[in-house]
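For reference, my_file_0.cif is printed below; it contains mmCIF, C-alpha atoms.
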data_target
#
loop_
_atom_site.label_atom_id
_atom_site.label_comp_id
_atom_site.auth_asym_id
_atom_site.auth_seq_id
_atom_site.Cartn_x
_atom_site.Cartn_y
_atom_site.Cartn_z
CA MET G 1 145.62 108.49 68.99
CA ASN G 2 143.08 108.84 71.79
CA SER G 3 141.00 105.87 73.03
CA ASN G 4 137.86 105.27 70.93
CA GLN G 5 139.20 107.45 68.05
CA ILE G 6 139.18 106.00 64.56
CA GLU G 7 141.43 107.44 61.89
CA ASN G 8 140.36 107.33 58.26
CA VAL G 9 143.31 107.68 55.86
CA ASP G 10 142.87 109.39 52.49
CA MET G 11 142.28 106.55 50.00
CA GLU G 12 143.89 108.50 47.17
CA GLN G 13 147.20 108.78 49.02
CA MET G 14 147.63 105.22 50.29
CA PRO G 15 145.78 101.86 50.69
CA VAL G 16 142.64 101.79 52.83
CA LYS G 17 143.74 101.72 56.45
CA LYS G 18 141.81 102.23 59.66
CA GLN G 19 142.99 102.19 63.24
CA ALA G 20 141.17 102.10 66.56
CA THR G 21 142.54 101.91 70.09
CA ILE G 22 140.16 100.58 72.73
CA SER G 23 140.52 100.35 76.49
CA LYS G 24 141.11 97.11 78.36
CA GLU G 25 137.47 97.22 79.57
CA GLN G 26 136.16 97.60 76.03
CA PHE G 27 138.40 94.80 74.79
CA SER G 28 137.18 92.61 77.64
CA GLU G 29 133.54 92.91 76.53
CA PHE G 30 134.48 92.45 72.87
CA ARG G 31 136.48 89.32 73.69
CA SER G 32 133.69 88.01 75.94
CA PHE G 33 131.10 88.49 73.20
CA VAL G 34 133.18 86.62 70.61
CA ASN G 35 133.86 83.84 73.12
CA ILE G 36 130.15 83.44 73.94
CA ILE G 37 128.95 83.20 70.33
CA LYS G 38 131.76 81.01 68.97
CA PRO G 39 129.87 77.65 69.17
CA TYR G 40 126.86 79.07 67.32
CA PHE G 41 128.33 81.33 64.60
CA GLU G 42 130.81 79.76 62.22
CA ASP G 43 132.08 83.13 60.97
CA PHE G 44 132.26 86.64 62.40
CA CYS G 45 131.07 89.77 60.59
CA LEU G 46 131.25 93.35 61.77
CA VAL G 47 129.95 96.22 59.61
CA ASP G 48 130.55 99.79 60.77
CA GLY G 49 131.10 98.42 64.28
CA LYS G 50 127.76 96.54 64.26
CA PHE G 51 127.23 92.80 64.65
CA ARG G 52 123.95 91.42 63.27
CA MET G 53 124.00 87.77 62.23
CA ARG G 54 121.80 84.68 62.12
CA SER G 55 122.89 81.73 64.24
CA ASP G 56 124.12 78.69 62.35
CA ASP G 57 120.87 76.82 63.11
CA LEU G 58 118.87 79.85 61.84
CA THR G 59 116.76 80.03 65.02
CA CYS G 60 117.70 83.59 65.97
CA ILE G 61 119.41 86.83 65.01
CA VAL G 62 121.92 88.33 67.44
CA GLU G 63 122.53 92.07 67.29
CA THR G 64 124.88 94.43 69.08
CA LYS G 65 126.90 97.56 68.38
CA PHE G 66 130.46 98.34 69.42
CA ASP G 67 130.38 102.16 69.49
CA TYR G 68 134.13 102.33 69.90
CA LEU G 69 134.59 100.43 66.61
CA LYS G 70 132.41 102.70 64.48
CA GLY G 71 133.68 102.64 60.91
CA VAL G 72 135.32 99.24 61.35
CA ASP G 73 134.37 96.35 59.04
CA LEU G 74 135.56 92.82 59.83
CA TYR G 75 134.91 89.60 57.93
CA ILE G 76 136.60 86.74 59.76
CA ALA G 77 136.38 83.07 58.76
CA GLY G 78 136.29 80.84 61.83
CA THR G 79 134.86 82.44 64.97
CA LYS G 80 136.36 79.75 67.22
CA LEU G 81 139.88 80.42 65.95
CA PHE G 82 139.26 84.16 66.21
CA ALA G 83 138.23 83.78 69.88
CA GLN G 84 141.28 81.62 70.58
CA MET G 85 143.64 84.22 69.11
CA LEU G 86 141.98 87.10 71.00
CA SER G 87 142.46 85.18 74.25
CA THR G 88 146.24 85.38 73.87
CA LEU G 89 146.28 89.18 74.08
CA SER G 90 146.87 90.98 77.37
CA LYS G 91 143.84 91.62 79.56
CA LYS G 92 145.62 94.53 81.29
CA ASN G 93 146.49 96.75 78.32
CA ALA G 94 144.59 98.79 75.76
CA ILE G 95 144.33 97.02 72.40
CA THR G 96 144.94 98.62 69.01
CA PHE G 97 143.10 97.36 65.91
CA GLU G 98 144.74 98.15 62.59
CA ILE G 99 142.69 97.26 59.55
CA GLU G 100 143.97 97.34 56.00
CA GLU G 101 142.32 96.16 52.80
CA ASP G 102 143.13 92.47 53.30
CA VAL G 103 144.51 92.19 56.83
CA VAL G 104 143.41 93.00 60.36
CA ALA G 105 146.00 93.21 63.13
CA PHE G 106 145.58 93.39 66.93
CA THR G 107 148.36 94.45 69.26
CA ASP G 108 148.58 94.85 73.04
CA GLY G 109 151.93 96.65 72.88
CA TYR G 110 153.91 93.41 73.19
CA GLN G 111 152.16 90.88 70.99
CA ASN G 112 150.90 91.36 67.46
CA MET G 113 148.21 89.13 65.98
CA GLN G 114 147.22 89.20 62.30
CA LEU G 115 144.27 87.69 60.48
CA ARG G 116 143.37 87.84 56.82
CA LYS G 117 140.04 89.46 56.02
CA ILE G 118 137.80 87.29 53.87
CA PRO G 119 135.45 88.82 51.26
CA SER G 120 131.94 88.51 52.68
CA GLN G 121 130.68 86.49 49.70
CA TYR G 122 133.04 83.65 50.64
CA LEU G 123 131.76 83.29 54.21
CA ASN G 124 129.11 80.78 55.22
CA ASP G 125 127.59 83.31 57.66
CA VAL G 126 126.74 86.83 56.54
CA PHE G 127 125.82 90.17 58.11
CA VAL G 128 122.07 90.90 58.09
CA PRO G 129 121.62 94.33 56.42
CA GLY G 130 119.45 96.97 58.04
CA GLU G 131 116.69 96.75 55.40
CA ALA G 132 116.50 92.96 55.72
CA MET G 133 116.25 93.30 59.51
CA LYS G 134 113.51 95.91 59.17
CA ASP G 135 111.55 93.62 56.83
CA PHE G 136 111.95 90.71 59.25
CA LEU G 137 110.50 92.75 62.11
CA ASN G 138 107.69 94.27 60.04
CA GLU G 139 106.61 90.87 58.73
CA ASN G 140 106.60 89.10 62.10
CA MET G 141 105.97 91.55 64.93
CA ASN G 142 102.69 93.11 66.01
CA LEU G 143 103.53 95.69 68.68
CA ASP G 144 99.84 95.94 69.62
CA ASN G 145 99.64 92.26 70.55
CA LEU G 146 102.02 91.77 73.47
CA PHE G 147 101.96 88.16 74.69
CA LEU G 148 104.48 88.29 77.54
CA LYS G 149 106.90 90.72 79.16
CA GLU G 150 109.25 89.25 81.75
CA THR G 151 112.62 89.91 83.38
CA LEU G 152 114.75 86.94 84.36
CA PHE G 153 117.47 87.46 86.96
CA ARG G 154 120.98 86.50 85.95
CA GLN G 155 121.10 83.38 88.13
CA LEU G 156 117.97 82.06 86.44
CA VAL G 157 119.45 82.76 83.00
CA CYS G 158 122.56 80.81 84.05
CA ASN G 159 120.39 77.91 85.24
CA ILE G 160 118.43 77.77 81.97
CA LYS G 161 121.70 77.74 80.00
CA LYS G 162 123.10 75.01 82.26
CA MET G 163 120.00 72.81 82.08
CA SER G 164 119.79 73.16 78.30
CA LYS G 165 123.30 71.73 78.14
CA GLU G 166 122.63 69.03 80.74
CA LEU G 167 119.42 67.90 79.03
CA LYS G 168 121.06 68.10 75.59
CA THR G 169 118.27 70.18 74.12
CA GLN G 170 118.01 73.57 72.42
CA ILE G 171 114.21 73.60 72.72
CA ILE G 172 112.25 75.46 75.39
CA LYS G 173 108.48 75.20 75.50
CA ILE G 174 106.28 78.02 76.78
CA LYS G 175 103.24 76.23 78.22
CA PRO G 176 100.16 77.26 80.23
CA VAL G 177 99.67 76.16 83.82
CA GLU G 178 96.97 73.51 84.04
CA GLY G 179 93.66 75.15 84.87
CA ASN G 180 95.10 78.69 84.53
CA PRO G 181 95.52 79.78 80.88
CA ASN G 182 96.94 83.18 81.87
CA ARG G 183 99.87 81.71 83.78
CA GLY G 184 102.76 80.09 81.97
CA PHE G 185 106.05 78.34 82.50
CA MET G 186 109.20 77.40 80.58
CA TYR G 187 109.74 73.69 80.15
CA MET G 188 112.68 71.57 78.98
CA THR G 189 113.15 67.82 78.80
CA ASN G 190 115.73 65.37 77.48
CA LYS G 191 113.07 63.06 76.06
CA SER G 192 113.51 64.35 72.53
CA ALA G 193 117.32 64.20 72.74
CA ILE G 194 117.70 60.51 73.63
CA SER G 195 116.17 57.66 71.67
CA ASN G 196 114.74 54.63 73.48
CA LEU G 197 114.63 56.68 76.68
CA ASN G 198 113.38 54.81 79.72
CA ALA G 199 111.64 56.31 82.73
CA VAL G 200 114.83 56.31 84.82
CA ASP G 201 116.71 58.47 82.30
CA ALA G 202 113.89 60.96 81.67
CA ARG G 203 114.53 64.39 83.20
CA GLU G 204 112.61 67.65 83.10
CA TYR G 205 113.23 71.25 84.13
CA SER G 206 110.73 74.10 84.35
CA VAL G 207 110.68 77.78 85.32
CA MET G 208 107.45 79.47 86.43
CA LEU G 209 106.93 82.84 84.74
CA GLN G 210 106.20 85.62 87.22
CA ASN G 211 104.11 87.78 84.89
CA ILE G 212 100.82 86.67 83.36
CA LEU G 213 100.32 85.67 79.75
CA LEU G 214 98.48 88.64 78.29
CA ILE G 215 96.98 86.34 75.66
CA PRO G 216 95.74 83.09 77.27
CA LEU G 217 96.72 79.67 75.92
CA GLN G 218 94.59 76.55 75.84
CA GLU G 219 95.89 73.63 77.88
CA ASN G 220 97.14 71.74 74.82
CA GLN G 221 98.82 74.76 73.21
CA TYR G 222 102.45 75.84 73.53
CA PHE G 223 105.22 77.80 71.86
CA GLN G 224 108.60 76.25 71.14
CA VAL G 225 111.44 78.75 71.43
CA ALA G 226 115.21 78.37 71.04
CA SER G 227 117.54 78.17 74.02
CA ILE G 228 120.40 80.03 72.26
CA PRO G 229 119.49 83.46 73.72
CA PHE G 230 120.37 82.12 77.18
CA ILE G 231 124.03 81.65 76.26
CA PHE G 232 124.27 85.35 77.22
CA ASP G 233 124.35 84.87 80.99
CA LYS G 234 126.37 87.87 82.19
CA ASP G 235 123.39 89.92 83.35
CA ASP G 236 119.61 89.91 83.86
CA MET G 237 117.55 89.33 80.71
CA LYS G 238 114.39 91.08 79.52
CA LEU G 239 111.91 89.03 77.46
CA SER G 240 109.33 90.62 75.16
CA TYR G 241 107.11 88.26 73.18
CA TYR G 242 104.59 89.49 70.58
CA LEU G 243 101.91 87.42 68.83
CA ASN G 244 100.88 88.25 65.25
CA GLU G 245 97.74 87.39 63.30
CA ARG G 246 99.36 84.23 61.87
CA ASN G 247 99.92 82.84 65.39
CA ILE G 248 103.65 83.44 65.07
CA LEU G 249 105.39 84.54 68.25
CA MET G 250 108.09 87.16 67.80
CA THR G 251 110.64 86.74 70.61
CA ILE G 252 112.96 89.56 71.67
CA TYR G 253 115.58 89.20 74.41
CA GLU G 254 117.72 92.04 75.76
CA THR G 255 120.71 91.68 78.06
CA SER G 256 124.23 93.02 78.42
CA ILE G 257 127.88 92.05 78.65
CA PHE G 258 129.34 94.67 80.97
CA ARG G 259 128.15 97.84 79.16
CA LEU G 260 127.50 96.16 75.81
CA VAL G 261 123.78 95.82 75.05
CA VAL G 262 122.87 92.62 73.19
CA ARG G 263 119.51 91.84 71.57
CA ILE G 264 118.39 88.47 70.27
CA TYR G 265 115.42 88.05 67.92
CA GLY G 266 113.57 84.88 67.02
CA ARG G 267 110.25 83.36 66.01
CA ALA G 268 108.05 80.55 67.32
CA ALA G 269 104.87 79.01 65.96
CA LEU G 270 101.82 78.13 68.05
CA ARG G 271 101.66 74.34 68.42
CA GLU G 272 99.37 71.76 69.96
CA GLU G 273 100.34 68.74 72.02
CA ASP G 274 99.54 65.34 70.50
#
Write-out of the structure in structure tokens:
Amino acid sequence: MNSNQIENVDMEQMPVKKQATISKEQFSEFRSFVNIIKPYFEDFCLVDGKFRMRSDDLTCIVETKFDYLKGVDLYIAGTKLFAQMLSTLSKKNAITFEIEEDVVAFTDGYQNMQLRKIPSQYLNDVFVPGEAMKDFLNENMNLDNLFLKETLFRQLVCNIKKMSKELKTQIIKIKPVEGNPNRGFMYMTNKSAISNLNAVDAREYSVMLQNILLIPLQENQYFQVASIPFIFDKDDMKLSYYLNERNILMTIYETSIFRLVVRIYGRAALREED
């Protein structure tokens, strides 16, 4: 079987069985993706080669598509264990997936790894269907009301991820620069993460946005967005924020893992400082 080819076996002749062989480069990006999301997605679902799931804290939806796994459905309980098992396979060989009704197997030509597929209704995390995703976007996004468009270089994405971990926070505020409502910055602090914090322990981190806020904010206004999108730190990241009539900010992030395009969607409400 050629690389990227998926064989569908006649269901009337034998049990449902699908097979796909992917290159070492394709397996590397697949393994990297699973490894990145494992702390934030309890289970792993793939439908027709597509991944579209809500994070465990429900702050965002992560979406990507593995073209070389088209036709492949996977429902795996325990993303962390799944990532650990994938890490044992060779990084130098092509990997063959063989999927039957209840079992999925991975082989690198020397090692064979098997996992039992779990019916989707028994997983804590589920795949977000296309219609549900379309409704989510239609209800929350106003394409005519762009708030911010920005590209963050990879090193900056890495720094935001690092500081979120150091400050023990998953909250990033988008705030206006004092005296300039069309300029904004990202702001993180550990004040909300530690109780009885004294002045010595308090730490802050901010990133000035290079592009203007197309819709100005008042000095006491801000948006509170999730830091989860910045776990994807393998490449530059494009930010597109849209404001709807209910003052809800639709946040869209786009980045890549090697050649794999990843999009992250979320929402944020307009807030006011006390």
* Pull out every residue that the PyMOL selection byres ((chain G and resi 138-150) around 9) matches in the shown coordinates and put them as number ranges by chain. => G: 133-137, 151-152, 209-216, 237-246, 248-251, 267
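Counting all atoms listed in the file, the residue from G:Leu270, G:Leu81, G:Ile257, G:Val128 that sits nearest to G:Arg54 is G:Val128.
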Problem - Selection near stretch 34-47 of chain G, 9 Å with all atoms listed in the file, sequence-local residues under 6 positions removed, as a VMD selection string - result: chain G and resid 53 to 57 65 70 to 84 86 to 87 120 123 to 127 228 231 to 232
Taking into account all atoms listed in the file, which residue in the set G:Ala94, G:Leu58, G:Phe66, G:Ile264 is nearest to G:Ile22?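 Closest candidate: G:Ala94.
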For this session: Figure out the distance between atom CA of G:Leu260 and atom CA of G:Thr64, please, to one decimal in Å.
Result: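 Answer for the atom CA of G:Thr64 to atom CA of G:Leu260 separation: 7.4 Å.
Note that atom CA of G:Tyr222 and atom CA of G:Glu273 are 7.6 Å apart.
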- In Å to one decimal, how far is atom CA of G:Asp235 from atom CA of G:Thr255?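 According to the coordinates, atom CA of G:Thr255 and atom CA of G:Asp235 are separated by 6.2 Å.
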The residue from G:Asp236, G:Asp48, G:Asp102, G:Glu272 with the smallest atom-to-atom distance to G:Lys173, counting all atoms listed in the file, is G:Glu272
Using only C-alpha atoms: which of G:Ser28, G:Thr21, G:Glu166, G:Glu219 has the shortest distance to G:Glu98: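 Result for the nearest residue to G:Glu98: G:Thr21.
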In terms of the shortest atom-to-atom distance over only C-alpha atoms, which of G:Lys165, G:Lys91, G:Arg271, G:Arg259 is closest to G:Phe33?
->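 Counting only C-alpha atoms, the residue closest to G:Phe33 is G:Arg259.
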